[in-house]
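K.L.:
Sharing a structure with you now.
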Amino acid sequence: MKVLFFFYQWLIALPILLVLTILTALTTIIGCFLGNGNIWGYFPGRIWSKLFCIFSMVRVEVRGRENINKNTSYVFVANHQGAYDIFLIYGYLGHNFKWMMKKSLRKIPFVGKACAAAGHIFVDRNSPKSIMETLHKAEETLKDGMSLVVFPEGSRTPNGKLHRFKKGAYQLAIDLNLPVVPLTIDGSYAVMSRNTYLITPGKMILTIHPAIYPDPQQGHDIQELMEKSYETIASALPAEAENIVKKS
């Protein structure tokens, strides 16, 4: 069975998904140029992500969608298990959003230009000026139900465990007075970790937790906000995916 899926992946699924990626990128670029970027920057990518999971034989379960309102803007923070986190959130979160992503991703052919056209927010962590520009762009973007998705670990886990969170997303939530919604991703590491280019069919679970609101009475304590979201995300992971590192 593994041998059959290997040939299916490389000879059938991969060519189809490559064509779908290029078509989705072109649709996004042209659609955002001609029309509403919030629509064309979201729905083509959502369909593309679902097709990616279907052709990869990856099943998806979503829990807790009742915890979010499509008319409310949030800062979503998720653990980062593997490459399929992108498809899981884009395809199945069910809430319009922009990604906060590394500036280097802008160089990916077709995809980088599509992300720029869609209004996703690129971050250059080595430039204080760029970080300030990112904050200003986020402030302009996050309104009328438009939200932001951030992986506070910064990169995919190398071993399947939950790792240290960075402060950027939480500072943004405090500065803009937006609720933080923790997202737990479970199963993506087994489907495709950062250590392989091979897909393993399986099941991914996306758990959408209740929002955590910055507390003015606490002086908008960023450390407490980080710890609460970390513990919430960890609570929906199997024991082997947890880690002892909880805060920056």
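Each chain in the structure tokens gets a letter, A, B and so on, in the order shown; residues start at 1 in every chain, and ligands are counted from 1 in the order they appear.
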So that I can check the secondary structure, give me every residue of stretch 81-244 of chain A assigned alpha helix (DSSP H) by backbone DSSP, as a PyMOL selection string.

P.N.:
chain A and resi 85-92+111-118+128-141+168-176+188-191+222-235

K.L.:
If we count only C-alpha atoms, what is near stretch 16-19 of chain A at a cut-off of 9 Å, once residues fewer than 6 positions away on the same chain are taken out, given as JSON, numbers by chain?

P.N.:
{"A": [48, 51, 52, 55]}

K.L.:
Please list as a list in words every residue within 9 Å of stretch 223-234 of chain A, counting only C-alpha atoms and excluding residues in the same chain fewer than 6 positions away.

P.N.:
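Result of the neighbour search: Val77, Ala78, Asn79, Leu162, Arg164, Phe165, Lys166, Lys167, Tyr170, Val180, Val181, Pro182, Leu183, Thr184, Ile185, Thr207, His209, Ile212, Tyr213, Pro214, Asp215, Ala241, Glu242, Asn243, Lys246, Lys247 and Ser248 of chain A.
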
K.L.:
As a ChimeraX atom specification, please: the residues near A:Lys2 (cut-off 12 Å, only C-alpha atoms, same-chain neighbours under 3 positions excluded).

P.N.:
/A:5-9,198-201

K.L.:
Contacts between stretch 130-146 of chain A and stretch 168-211 of chain A, please, where a residue of stretch 168-211 of chain A counts if it comes within 12 Å (with only C-alpha atoms); show its shortest atom pair and distance in Å to one decimal, rows by chain and ascending number, as a Markdown table.

P.N.:
| residue | atom | partner | partner_atom | distance |
| --- | --- | --- | --- | --- |
| A:Gly168 | CA | A:Ile131 | CA | 9.2 |
| A:Ala169 | CA | A:Leu135 | CA | 10.0 |
| A:Tyr170 | CA | A:Leu135 | CA | 11.8 |
| A:Gln171 | CA | A:Leu135 | CA | 9.6 |
| A:Leu172 | CA | A:Leu135 | CA | 7.0 |
| A:Ala173 | CA | A:Glu139 | CA | 9.9 |
| A:Ile174 | CA | A:Leu135 | CA | 11.5 |
| A:Asp175 | CA | A:Leu135 | CA | 8.9 |
| A:Leu176 | CA | A:Glu139 | CA | 6.8 |
| A:Asn177 | CA | A:Glu139 | CA | 10.3 |
| A:Leu178 | CA | A:Leu142 | CA | 8.9 |
| A:Pro179 | CA | A:Leu142 | CA | 11.4 |

K.L.:
Would you please work out which residue, of A:Ala239, A:Ala116, A:Val75, A:Cys53, is nearest to A:Leu14 when using only C-alpha atoms?

P.N.:
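Among the listed residues, A:Cys53 lies closest to A:Leu14.
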
K.L.:
What does the structure give for the distance between atom CA of A:Lys103 and atom CA of A:Pro152, in Å to one decimal?

P.N.:
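Answer for the atom CA of A:Lys103 to atom CA of A:Pro152 separation: 15.4 Å.
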
K.L.:
Rank nothing, just name the residue among A:Trp10, A:Trp99, A:Tyr189, A:Tyr197 nearest to A:Gln81, using only C-alpha atoms.

P.N.:
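When distances to A:Gln81 are compared using only C-alpha atoms, the smallest one comes from A:Tyr189.
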
K.L.:
Which residues, written as a VMD selection string, have at least one atom at most 10 Å from A:Ile47, with only C-alpha atoms counted and residues fewer than 2 positions away on the same chain left out?

P.N.:
chain A and resid 20 24 42 to 45 49 to 52 87 90 to 92

K.L.:
For A:Arg63, which residue out of A:Ala190, A:Ala114, A:Ile12, A:Leu93 is the nearest one, using only C-alpha atoms?

P.N.:
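Closest to A:Arg63, using only C-alpha atoms: A:Leu93.
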
K.L.:
Please compute the atom CA of A:Arg46-atom CA of A:Lys107 distance, one decimal, in Å.

P.N.:
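Separating atom CA of A:Arg46 from atom CA of A:Lys107 is a distance of 21.3 Å.
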
K.L.:
In stretch 167-243 of chain A, what's strand (DSSP E) per DSSP? Answer as number ranges by chain?

P.N.:
A: 180-186, 203-208

K.L.:
Within 12 Å of A:Glu66, counting only C-alpha atoms, which residues show up once you throw out same-chain ones fewer than 4 positions away? Write them as a PDB file with C-alpha atoms, in the first residue's frame, please.

P.N.:
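Done, and the output landed in part37.pdb:
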ATOM      1  CA  VAL A  62     -12.764  20.724  13.190  1.00  0.00           C
ATOM      2  CA  LYS A  70     -17.392  35.799  11.487  1.00  0.00           C
ATOM      3  CA  LEU A  93     -11.028  27.561   9.902  1.00  0.00           C
ATOM      4  CA  GLY A  94     -14.103  29.137   8.302  1.00  0.00           C
ATOM      5  CA  HIS A  95     -13.111  32.735   9.067  1.00  0.00           C
ATOM      6  CA  THR A 207      -9.448  22.738  17.701  1.00  0.00           C
ATOM      7  CA  ILE A 208     -10.713  26.321  17.931  1.00  0.00           C
ATOM      8  CA  HIS A 209     -10.624  27.430  21.558  1.00  0.00           C
ATOM      9  CA  PRO A 210     -12.622  30.241  23.208  1.00  0.00           C
ATOM     10  CA  ALA A 211     -11.153  33.717  22.797  1.00  0.00           C
TER      11      ALA A 211
END
